[in-house]
>>> print(open('my_file29.cif').read())   # mmCIF, C-alpha atoms and all ligand atoms
data_final
loop_
_atom_site.label_atom_id
_atom_site.label_comp_id
_atom_site.auth_asym_id
_atom_site.auth_seq_id
_atom_site.Cartn_x
_atom_site.Cartn_y
_atom_site.Cartn_z
CA MET A 384 0.64 -1.32 -8.52
CA ASP A 385 2.44 -0.75 -5.25
CA GLY A 386 3.79 2.56 -6.48
CA LYS A 387 0.28 3.94 -6.76
CA SER A 388 -0.05 5.92 -3.57
CA PRO A 389 0.43 9.29 -5.30
CA ASP A 390 -2.75 8.55 -7.26
CA LYS A 391 -4.56 7.97 -4.05
CA ASP A 392 -3.61 11.41 -2.80
CA GLN A 393 -4.47 12.95 -6.10
CA ARG A 394 -7.85 11.29 -5.93
CA ARG A 395 -8.53 12.91 -2.59
CA ASP A 396 -7.24 16.24 -3.84
CA LEU A 397 -9.68 16.09 -6.71
CA HIS A 398 -12.48 15.85 -4.23
CA GLY A 399 -11.56 18.91 -2.30
CA THR A 400 -9.93 17.11 0.59
CA SER A 401 -6.51 18.23 -0.34
CA PHE A 402 -3.36 18.47 1.68
CA VAL A 403 -3.75 20.60 4.78
CA ALA A 404 -0.60 22.08 6.29
CA PRO A 405 0.33 20.42 9.62
CA ASP A 406 0.15 23.78 11.32
CA GLY A 407 -3.39 24.31 10.02
CA GLU A 408 -6.28 24.46 12.40
CA PHE A 409 -7.35 21.07 13.69
CA GLU A 410 -10.94 21.98 12.94
CA ASP A 411 -10.08 22.58 9.28
CA ILE A 412 -8.36 19.21 9.16
CA VAL A 413 -11.42 17.51 10.64
CA ARG A 414 -13.92 19.21 8.35
CA GLY A 415 -11.77 18.80 5.27
CA ASN A 416 -11.08 15.10 5.69
CA ILE A 417 -13.88 13.53 7.70
CA ALA A 418 -16.00 12.47 4.70
CA TRP A 419 -13.40 10.29 3.04
CA MET A 420 -12.19 8.96 6.39
CA LEU A 421 -15.71 7.93 7.29
CA ALA A 422 -16.02 6.23 3.91
CA VAL A 423 -12.79 4.29 4.55
CA ALA A 424 -13.99 3.16 8.00
CA ARG A 425 -17.40 2.15 6.63
CA ARG A 426 -15.84 0.05 3.91
CA ILE A 427 -13.74 -1.80 6.43
CA LEU A 428 -16.31 -2.15 9.22
CA ARG A 429 -19.59 -2.05 7.24
CA ASP A 430 -21.40 -0.83 10.37
CA PRO A 431 -21.99 2.96 10.19
CA SER A 432 -21.95 3.57 13.94
CA MET A 433 -18.78 1.54 14.42
CA ALA A 434 -17.28 3.49 11.57
CA GLU A 435 -18.07 6.74 13.38
CA ASP A 436 -16.35 5.42 16.50
CA ALA A 437 -13.29 4.44 14.49
CA VAL A 438 -13.11 7.90 12.91
CA GLN A 439 -13.44 9.56 16.31
CA LEU A 440 -10.59 7.43 17.71
CA ALA A 441 -8.53 8.17 14.61
CA PHE A 442 -8.96 11.93 15.01
CA ALA A 443 -8.05 11.70 18.70
CA LYS A 444 -4.81 10.03 17.66
CA ILE A 445 -4.24 12.50 14.84
CA HIS A 446 -4.71 15.40 17.23
CA ARG A 447 -2.24 13.96 19.71
CA LYS A 448 0.39 13.21 17.10
CA LEU A 449 -0.10 16.16 14.78
CA GLU A 450 2.68 18.17 16.37
CA GLY A 451 5.13 15.36 15.84
CA PHE A 452 4.07 14.93 12.21
CA GLU A 453 7.25 15.45 10.24
CA GLY A 454 5.83 15.56 6.77
CA LYS A 455 7.76 12.50 5.64
CA SER A 456 4.60 11.35 3.95
CA ARG A 457 1.67 13.45 2.93
CA LEU A 458 -0.72 14.28 5.71
CA SER A 459 -3.58 12.50 3.92
CA THR A 460 -1.49 9.32 3.56
CA TRP A 461 -0.60 9.44 7.25
CA MET A 462 -4.23 10.00 8.24
CA HIS A 463 -5.35 7.20 5.94
CA ARG A 464 -3.05 4.78 7.72
CA ILE A 465 -4.35 5.88 11.12
CA VAL A 466 -8.02 5.46 10.27
CA VAL A 467 -7.35 2.07 8.61
CA ASN A 468 -5.55 0.86 11.71
CA GLU A 469 -8.29 2.05 14.07
CA ALA A 470 -10.94 0.38 11.92
CA LEU A 471 -8.95 -2.87 11.72
CA MET A 472 -8.56 -2.91 15.47
CA MET A 473 -12.32 -2.66 15.87
CA LEU A 474 -12.86 -5.26 13.17
CA ARG A 475 -10.79 -7.78 15.13
CA LYS A 476 -13.17 -7.38 18.07
CA GLN A 477 -16.20 -7.87 15.84
CA LYS A 478 -17.92 -11.21 15.80
CA ARG A 479 -16.70 -13.20 12.82
CA GLU A 480 -19.31 -13.49 10.13
CA ASN A 481 -19.03 -14.77 6.60
CA VAL A 482 -16.67 -17.58 7.38
CA HIS A 483 -18.14 -19.77 4.65
CA PRO A 484 -15.56 -21.34 2.31
CA ILE A 485 -14.55 -19.51 -0.87
CA ASP A 486 -14.07 -22.64 -2.99
CA PRO A 487 -17.56 -22.70 -4.57
CA LEU A 488 -16.86 -19.20 -5.92
CA LEU A 489 -13.51 -20.06 -7.50
CA PRO A 490 -13.01 -21.08 -11.16
CA GLU A 491 -13.05 -24.78 -12.02
CA PHE A 492 -10.60 -26.74 -14.14
CA ASP A 493 -10.76 -30.27 -15.55
CA ALA A 494 -8.11 -32.99 -15.12
CA ASN A 495 -6.06 -31.42 -17.96
CA GLY A 496 -6.09 -28.01 -16.33
CA CYS A 497 -8.64 -26.62 -18.81
CA ARG A 498 -11.20 -24.05 -17.74
CA VAL A 499 -14.65 -25.63 -17.24
CA ASP A 500 -16.80 -22.54 -16.61
CA ASP A 501 -19.38 -21.46 -19.13
CA PRO A 502 -17.75 -18.44 -20.81
CA PHE A 503 -19.55 -15.17 -21.52
CA THR A 504 -18.71 -11.88 -23.20
CA VAL A 505 -18.69 -8.67 -21.19
CA SER A 506 -20.40 -5.75 -22.87
CA GLU A 507 -18.91 -2.31 -23.35
CA THR A 508 -19.22 -0.20 -20.22
CA SER A 509 -18.34 3.41 -19.70
CA GLU A 510 -16.60 4.81 -16.66
CA ASP A 511 -19.85 6.71 -15.92
CA GLN A 512 -21.77 3.47 -15.80
CA LEU A 513 -19.30 2.01 -13.31
CA GLN A 514 -19.71 5.15 -11.23
CA SER A 515 -23.50 4.99 -11.21
CA ARG A 516 -25.20 4.74 -7.88
CA GLN A 517 -26.89 1.49 -8.83
CA VAL A 518 -23.63 -0.22 -9.78
CA ARG A 519 -21.94 1.01 -6.61
CA GLU A 520 -24.73 -0.39 -4.47
CA ILE A 521 -24.51 -3.77 -6.21
CA MET A 522 -20.74 -3.76 -5.82
CA LYS A 523 -20.90 -3.05 -2.10
CA GLU A 524 -23.52 -5.74 -1.60
CA LYS A 525 -21.50 -8.35 -3.48
CA ILE A 526 -18.20 -7.45 -1.81
CA ASP A 527 -19.94 -7.97 1.53
CA GLU A 528 -20.85 -11.50 0.45
CA LEU A 529 -17.19 -12.49 0.21
CA PRO A 530 -15.81 -14.57 3.08
CA GLU A 531 -14.32 -12.09 5.54
CA PRO A 532 -10.60 -13.00 5.20
CA TYR A 533 -10.91 -12.35 1.44
CA ARG A 534 -13.18 -9.30 1.68
CA ILE A 535 -10.79 -7.38 3.87
CA VAL A 536 -7.81 -7.99 1.57
CA LEU A 537 -9.82 -6.84 -1.47
CA VAL A 538 -10.97 -3.69 0.32
CA LEU A 539 -7.48 -2.72 1.47
CA ARG A 540 -5.69 -3.53 -1.81
CA ASP A 541 -8.16 -2.67 -4.55
CA ILE A 542 -10.24 0.10 -3.00
CA GLU A 543 -7.89 1.65 -0.47
CA GLU A 544 -4.92 0.91 -2.74
CA MET A 545 -2.60 0.13 0.13
CA PRO A 546 0.67 -1.49 -0.97
CA THR A 547 0.88 -5.28 -0.54
CA SER A 548 3.55 -4.87 2.13
CA ASP A 549 1.34 -2.56 4.23
CA VAL A 550 -1.63 -4.91 3.95
CA ALA A 551 0.57 -7.85 4.95
CA GLU A 552 1.75 -5.92 7.99
CA ALA A 553 -1.70 -4.70 9.01
CA LEU A 554 -3.24 -8.17 8.72
CA GLU A 555 -0.20 -9.98 10.07
CA MET A 556 0.28 -12.32 7.14
CA SER A 557 2.92 -12.85 4.45
CA GLU A 558 2.93 -10.81 1.25
CA ALA A 559 2.60 -14.01 -0.77
CA ASN A 560 -0.53 -14.85 1.18
CA VAL A 561 -1.96 -11.37 0.55
CA LYS A 562 -1.49 -11.90 -3.20
CA VAL A 563 -3.12 -15.32 -3.18
CA ARG A 564 -6.08 -14.03 -1.19
CA LEU A 565 -6.46 -10.95 -3.36
CA HIS A 566 -6.59 -12.99 -6.53
CA ARG A 567 -9.13 -15.40 -5.06
CA ALA A 568 -11.21 -12.52 -3.74
CA ARG A 569 -11.34 -10.95 -7.22
CA ALA A 570 -12.15 -14.27 -8.87
CA ALA A 571 -14.94 -14.91 -6.34
CA LEU A 572 -16.33 -11.41 -6.77
CA LYS A 573 -16.31 -11.90 -10.53
CA LYS A 574 -18.37 -15.04 -10.01
CA LEU A 575 -20.84 -13.16 -7.81
CA LEU A 576 -21.14 -10.40 -10.43
CA GLU A 577 -21.55 -12.82 -13.30
CA PRO A 578 -25.37 -12.57 -13.54
CA MET A 579 -25.07 -8.78 -13.83
CA MET A 580 -22.29 -8.99 -16.42
CA ARG A 581 -24.20 -11.55 -18.47
CA GLY A 582 -27.23 -9.29 -18.40
CA GLY A 583 -25.15 -6.33 -19.58
CA ALA A 584 -25.85 -4.41 -16.35
CA LEU A 585 -22.17 -4.21 -15.55
CA MET B 1023 -21.32 -22.69 -28.48
CA SER B 1024 -23.19 -25.83 -27.42
CA LYS B 1025 -22.19 -27.80 -24.37
CA SER B 1026 -20.83 -30.68 -26.44
CA GLY B 1027 -18.93 -28.21 -28.62
CA ARG B 1028 -17.30 -26.78 -25.53
CA THR B 1029 -16.39 -30.22 -24.26
CA MET B 1030 -14.76 -30.96 -27.63
CA THR B 1031 -12.76 -27.70 -27.54
CA ARG B 1032 -11.66 -28.50 -24.04
CA ARG B 1033 -10.38 -31.94 -25.07
CA MET B 1034 -8.40 -30.40 -27.91
CA HIS B 1035 -7.00 -27.77 -25.59
CA GLY B 1036 -6.09 -30.49 -23.11
CA VAL B 1037 -3.73 -31.90 -25.74
CA LEU B 1038 -2.54 -28.54 -27.08
CA PHE B 1039 -1.62 -27.10 -23.69
CA LYS B 1040 0.77 -29.97 -23.07
CA PHE B 1041 2.97 -28.82 -25.95
CA PRO B 1042 6.24 -27.10 -25.12
CA GLY B 1043 5.78 -23.35 -24.69
CA MET B 1044 2.19 -23.85 -23.62
CA ILE B 1045 0.56 -23.48 -20.25
CA THR B 1046 -2.79 -24.75 -19.04
CA CYS B 1047 -5.73 -22.54 -18.05
CA ASN B 1048 -5.00 -23.46 -14.47
CA GLU B 1049 -1.43 -22.15 -14.73
CA PHE B 1050 -2.72 -19.10 -16.59
CA GLU B 1051 -5.04 -18.41 -13.68
CA ASP B 1052 -2.08 -18.36 -11.29
CA PHE B 1053 -0.28 -15.75 -13.41
CA ILE B 1054 -3.16 -13.26 -13.72
CA LEU B 1055 -2.51 -11.11 -10.67
CA VAL B 1056 1.21 -10.70 -11.37
CA TYR B 1057 0.54 -10.13 -15.09
CA LEU B 1058 -1.86 -7.28 -14.34
CA GLU B 1059 0.76 -5.70 -12.09
CA ASP B 1060 3.13 -6.01 -15.03
CA GLU B 1061 5.58 -7.98 -12.92
CA LEU B 1062 5.71 -11.27 -14.84
CA PRO B 1063 9.25 -12.13 -15.98
CA PRO B 1064 9.50 -11.89 -19.81
CA ALA B 1065 9.54 -15.66 -20.41
CA LYS B 1066 6.42 -16.20 -18.34
CA LYS B 1067 4.76 -13.17 -19.89
CA ARG B 1068 5.25 -14.75 -23.33
CA LEU B 1069 3.67 -17.98 -22.11
CA PHE B 1070 0.78 -16.04 -20.64
CA GLU B 1071 0.16 -14.02 -23.79
CA LEU B 1072 0.40 -17.05 -26.05
CA HIS B 1073 -2.21 -18.81 -23.96
CA LEU B 1074 -4.39 -15.72 -24.15
CA LYS B 1075 -4.14 -15.87 -27.94
CA VAL B 1076 -5.17 -19.50 -28.30
CA CYS B 1077 -7.68 -19.83 -25.46
CA LYS B 1078 -10.99 -18.04 -25.84
CA SER B 1079 -12.20 -19.17 -22.40
CA CYS B 1080 -9.31 -17.45 -20.71
CA ARG B 1081 -9.71 -14.36 -22.90
CA LEU B 1082 -13.31 -13.97 -21.83
CA TYR B 1083 -12.44 -14.83 -18.27
CA LEU B 1084 -9.73 -12.16 -18.12
CA ALA B 1085 -12.10 -9.56 -19.60
CA ALA B 1086 -14.64 -10.26 -16.85
CA TYR B 1087 -11.89 -10.24 -14.23
CA ARG B 1088 -10.73 -6.83 -15.44
CA ARG B 1089 -14.29 -5.51 -15.44
CA THR B 1090 -14.71 -6.69 -11.86
CA LEU B 1091 -11.52 -4.90 -10.90
CA ALA B 1092 -12.56 -1.67 -12.63
CA ALA B 1093 -15.95 -1.72 -10.91
CA THR B 1094 -14.26 -2.31 -7.55
CA LYS B 1095 -11.86 0.58 -8.07
CA ALA B 1096 -14.78 2.83 -8.99
CA LEU B 1097 -15.81 2.57 -5.34
CA GLN B 1098 -12.80 4.70 -4.42
CA LYS B 1099 -14.81 7.76 -5.34
CA ASP B 1100 -17.72 6.65 -3.26
CA TYR B 1101 -17.10 9.07 -0.44
CA ASP B 1102 -18.09 12.18 -2.38
CA ALA B 1103 -21.69 11.14 -1.79
CA LEU B 1104 -20.90 11.07 1.93
CA GLU B 1105 -19.75 14.67 1.88
CA GLU B 1106 -23.17 16.06 2.82
CA THR B 1107 -24.15 13.29 5.16
CA VAL B 1108 -21.36 13.49 7.72
CA PRO B 1109 -23.22 13.71 11.04
CA GLN B 1110 -22.72 17.17 12.52
CA ASP B 1111 -22.71 15.74 16.05
CA LEU B 1112 -19.77 13.51 15.13
CA ILE B 1113 -17.75 16.54 14.06
CA GLU B 1114 -18.72 18.31 17.28
CA ALA B 1115 -17.78 15.31 19.41
CA ILE B 1116 -14.37 15.13 17.75
CA LEU B 1117 -13.75 18.84 18.22
CA ALA B 1118 -14.97 18.72 21.83
CA THR B 1119 -12.59 15.97 22.90
CA LYS B 1120 -9.50 17.54 21.37
CA ASP B 1121 -8.98 19.76 24.41
CA ASP B 1122 -9.30 16.88 26.85
CA LYS B 1123 -6.32 15.07 28.21
CA PRO B 1124 -5.23 12.20 25.97
CA PRO B 1125 -7.40 9.16 26.81
CA ARG B 1126 -4.43 6.80 26.65
ZN ZN C 1 -7.26 -21.08 -21.00
#
>>> encode(input="my_file29.cif", output="structure tokens")
Amino acid sequence: MDGKSPDKDQRRDLHGTSFVAPDGEFEDIVRGNIAWMLAVARRILRDPSMAEDAVQLAFAKIHRKLEGFEGKSRLSTWMHRIVVNEALMMLRKQKRENVHPIDPLLPEFDANGCRVDDPFTVSETSEDQLQSRQVREIMKEKIDELPEPYRIVLVLRDIEEMPTSDVAEALEMSEANVKVRLHRARAALKKLLEPMMRGGAL
Amino acid sequence: MSKSGRTMTRRMHGVLFKFPGMITCNEFEDFILVYLEDELPPAKKRLFELHLKVCKSCRLYLAAYRRTLAATKALQKDYDALEETVPQDLIEAILATKDDKPPR
């Protein structure tokens, strides 16, 4: 999954925020990329006005460093990293919420190591259904219910699709720890979504 | 399946999963992330897939886990809705500061 960054760029290209030449006008770069950058900052910070601040700081940095941009990575990848870092810096200053333990949301096993949870069948869902506004809103709400140290790993790995090594570096933890947290975050999110999945709404 | 039926299945599984070449649901759980990244070594992958074949609980669990992941990844496209709602004053503020001296 770590080799997935080309997909990420492609995804942005599909949405009209494609690669802009480094010598392009700064204004074009701002207008062409601000929507997805704002979305990234909002996912990390959750607070819309803080997200705007993070994006503003990110563009200030991009403007300063644009001349030195050597095109080793795609411009969008480089900008993605900058906005993530600005948002993470602001997140560290934020008051810690959601520090409740994750254990009640994790799967249970008996003394023999057998799964105890009440199993259920997921219904067929189309990609369109997953993309629906209603499902997205539920998803965002439930992701926000995750304990913060798990939420942030899930956002960076599964939504932002940053490689494990980059997430480990950005959050100053080991790669093994990133993997453990990511798996627990997904398992906990699955638990939170269970009522919707049982009801066939997801 | 009734609750007592499930308890019975679990007891049988408790015995079965101790056989050579078998793993428990708990061990299966620990393999999921690496399995989905297709990075499990072949021997472990065989253990994982055999467990998947014999354990309905884990089959259903993995299906729900995958659905959760797919729904999470669907949020990647969430910013297209933002396209029209980017505050104009934010764009102007960014463009206005670019000519200033670097703040740091
Ligand atoms: Zn199992």
>>> residues_near_point(input="my_file29.cif", point="(-2.0, -27.7, -20.0)", cutoff="10 Å", atoms="only C-alpha atoms", output="VMD selection string")
(chain A and resid 494 to 497) or (chain B and resid 1035 to 1042 1044 to 1050 1073)
>>> atom_distance(input="my_file29.cif", atom1="CA of Asn560 (chain A)", atom2="CA of Tyr1087 (chain B)")
19.7 Å
>>> interface_residues(input="my_file29.cif", of="chain A", to="chain B", cutoff="6 Å", atoms="all atoms listed in the file", output="VMD selection string")
chain A and resid 384 418 to 419 422 439 495 to 498 502 504 513 to 514 542 573
>>> closest_residue(input="my_file29.cif", among="A:Met473, A:Leu565, A:Leu529, A:Met522", to="Asp541 (chain A)", atoms="all atoms listed in the file")
A:Leu565
>>> closest_residue(input="my_file29.cif", among="A:Ile417, A:Met579, A:Val499, A:Met462", to="ligand ZN 1 (chain C)", atoms="only C-alpha atoms and all ligand atoms")
A:Val499
>>> closest_residue(input="my_file29.cif", among="B:Gly1027, B:Asp1111, B:Leu1074, B:Leu1069", to="Asp501 (chain A)", atoms="all atoms listed in the file")
B:Gly1027
>>> atom_distance(input="my_file29.cif", atom1="CA of Val538 (chain A)", atom2="CA of Ile485 (chain A)")
16.3 Å
>>> atom_distance(input="my_file29.cif", atom1="CA of Arg425 (chain A)", atom2="CA of Glu469 (chain A)")
11.8 Å
>>> axis_aligned_box(input="my_file29.cif", around="region 1114-1119 of chain B", padding_each_side="5 Å", output="AutoDock Vina command-line options")
--center_x -15.7 --center_y 17.0 --center_z 20.1 --size_x 16.1 --size_y 13.7 --size_z 15.6
>>> closest_residue(input="my_file29.cif", among="A:Glu450, A:Asp493, A:Asp411, A:Asp486", to="ligand ZN 1 (chain C)", atoms="all atoms listed in the file")
A:Asp493
>>> closest_residue(input="my_file29.cif", among="A:Met472, A:Ile526, A:Ile445, A:Leu488", to="Arg429 (chain A)", atoms="all atoms listed in the file")
A:Ile526
>>> residues_around(input="my_file29.cif", residues="Gly583 (chain A)", least_positions_apart="6", cutoff="9 Å", atoms="all atoms listed in the file", output="PDB file with C-alpha atoms, in the frame of the given file")
ATOM      1  CA  VAL A 505     -18.690  -8.670 -21.190  1.00  0.00           C
ATOM      2  CA  SER A 506     -20.400  -5.750 -22.870  1.00  0.00           C
ATOM      3  CA  GLU A 507     -18.910  -2.310 -23.350  1.00  0.00           C
ATOM      4  CA  THR A 508     -19.220  -0.200 -20.220  1.00  0.00           C
TER       5      THR A 508
END
>>> build_atoms(input="my_file29.cif", residues="region 457-468 of chain A", atoms="all heavy atoms", output="short mmCIF file (atom, residue, chain, number, x, y, z; two decimals), in the frame of the given file")
data_model
loop_
_atom_site.label_atom_id
_atom_site.label_comp_id
_atom_site.auth_asym_id
_atom_site.auth_seq_id
_atom_site.Cartn_x
_atom_site.Cartn_y
_atom_site.Cartn_z
N ARG A 457 2.68 12.41 2.96
CA ARG A 457 1.67 13.45 2.93
C ARG A 457 0.72 13.25 4.10
O ARG A 457 0.50 12.14 4.56
CB ARG A 457 0.89 13.36 1.62
CG ARG A 457 1.82 13.41 0.43
CD ARG A 457 1.04 13.54 -0.82
NE ARG A 457 0.37 14.84 -0.86
CZ ARG A 457 -0.31 15.27 -1.91
NH1 ARG A 457 -0.41 14.50 -2.96
NH2 ARG A 457 -0.89 16.45 -1.88
N LEU A 458 0.18 14.34 4.56
CA LEU A 458 -0.72 14.28 5.71
C LEU A 458 -1.88 13.32 5.44
O LEU A 458 -2.25 12.52 6.31
CB LEU A 458 -1.25 15.69 6.01
CG LEU A 458 -1.97 15.84 7.35
CD1 LEU A 458 -1.03 15.62 8.52
CD2 LEU A 458 -2.64 17.21 7.46
N SER A 459 -2.43 13.37 4.22
CA SER A 459 -3.58 12.50 3.92
C SER A 459 -3.19 11.03 3.96
O SER A 459 -3.96 10.18 4.39
CB SER A 459 -4.18 12.87 2.57
OG SER A 459 -3.21 12.79 1.56
N THR A 460 -1.96 10.71 3.52
CA THR A 460 -1.49 9.32 3.56
C THR A 460 -1.35 8.86 5.01
O THR A 460 -1.74 7.75 5.37
CB THR A 460 -0.12 9.20 2.85
OG1 THR A 460 -0.22 9.81 1.56
CG2 THR A 460 0.30 7.76 2.71
N TRP A 461 -0.79 9.73 5.82
CA TRP A 461 -0.60 9.44 7.25
C TRP A 461 -1.96 9.24 7.93
O TRP A 461 -2.16 8.28 8.68
CB TRP A 461 0.16 10.62 7.87
CG TRP A 461 0.42 10.57 9.34
CD1 TRP A 461 1.25 9.70 9.98
CD2 TRP A 461 -0.14 11.44 10.33
NE1 TRP A 461 1.24 9.98 11.32
CE2 TRP A 461 0.41 11.04 11.57
CE3 TRP A 461 -1.04 12.51 10.29
CZ2 TRP A 461 0.08 11.67 12.77
CZ3 TRP A 461 -1.36 13.15 11.48
CH2 TRP A 461 -0.80 12.73 12.71
N MET A 462 -2.90 10.11 7.65
CA MET A 462 -4.23 10.00 8.24
C MET A 462 -4.97 8.75 7.76
O MET A 462 -5.69 8.12 8.51
CB MET A 462 -5.06 11.26 7.91
CG MET A 462 -4.55 12.48 8.65
SD MET A 462 -5.23 14.02 8.01
CE MET A 462 -6.93 13.85 8.47
N HIS A 463 -4.73 8.41 6.50
CA HIS A 463 -5.35 7.20 5.94
C HIS A 463 -4.90 5.98 6.73
O HIS A 463 -5.69 5.14 7.14
CB HIS A 463 -4.96 7.07 4.47
CG HIS A 463 -5.59 5.89 3.78
ND1 HIS A 463 -4.89 4.72 3.56
CD2 HIS A 463 -6.83 5.69 3.29
CE1 HIS A 463 -5.69 3.86 2.96
NE2 HIS A 463 -6.87 4.41 2.78
N ARG A 464 -3.60 5.91 6.98
CA ARG A 464 -3.05 4.78 7.72
C ARG A 464 -3.65 4.71 9.13
O ARG A 464 -3.96 3.64 9.62
CB ARG A 464 -1.52 4.92 7.79
CG ARG A 464 -0.80 3.61 7.88
CD ARG A 464 0.65 3.75 7.45
NE ARG A 464 0.78 4.06 6.04
CZ ARG A 464 1.89 4.56 5.48
NH1 ARG A 464 2.94 4.82 6.23
NH2 ARG A 464 1.94 4.78 4.19
N ILE A 465 -3.81 5.85 9.75
CA ILE A 465 -4.35 5.88 11.12
C ILE A 465 -5.79 5.38 11.15
O ILE A 465 -6.16 4.54 11.96
CB ILE A 465 -4.23 7.29 11.73
CG1 ILE A 465 -2.73 7.62 11.97
CG2 ILE A 465 -5.00 7.38 13.06
CD1 ILE A 465 -2.46 9.00 12.50
N VAL A 466 -6.61 5.87 10.23
CA VAL A 466 -8.02 5.46 10.27
C VAL A 466 -8.16 3.97 9.89
O VAL A 466 -8.98 3.25 10.47
CB VAL A 466 -8.93 6.38 9.41
CG1 VAL A 466 -8.73 6.20 7.93
CG2 VAL A 466 -10.39 6.17 9.79
N VAL A 467 -7.32 3.50 8.96
CA VAL A 467 -7.35 2.07 8.61
C VAL A 467 -7.00 1.23 9.84
O VAL A 467 -7.68 0.26 10.16
CB VAL A 467 -6.38 1.76 7.44
CG1 VAL A 467 -6.14 0.26 7.31
CG2 VAL A 467 -6.93 2.30 6.12
N ASN A 468 -5.96 1.63 10.54
CA ASN A 468 -5.55 0.86 11.71
C ASN A 468 -6.60 0.86 12.81
O ASN A 468 -6.86 -0.18 13.43
CB ASN A 468 -4.22 1.39 12.26
CG ASN A 468 -3.05 0.95 11.41
OD1 ASN A 468 -3.14 -0.05 10.68
ND2 ASN A 468 -1.97 1.69 11.45
#
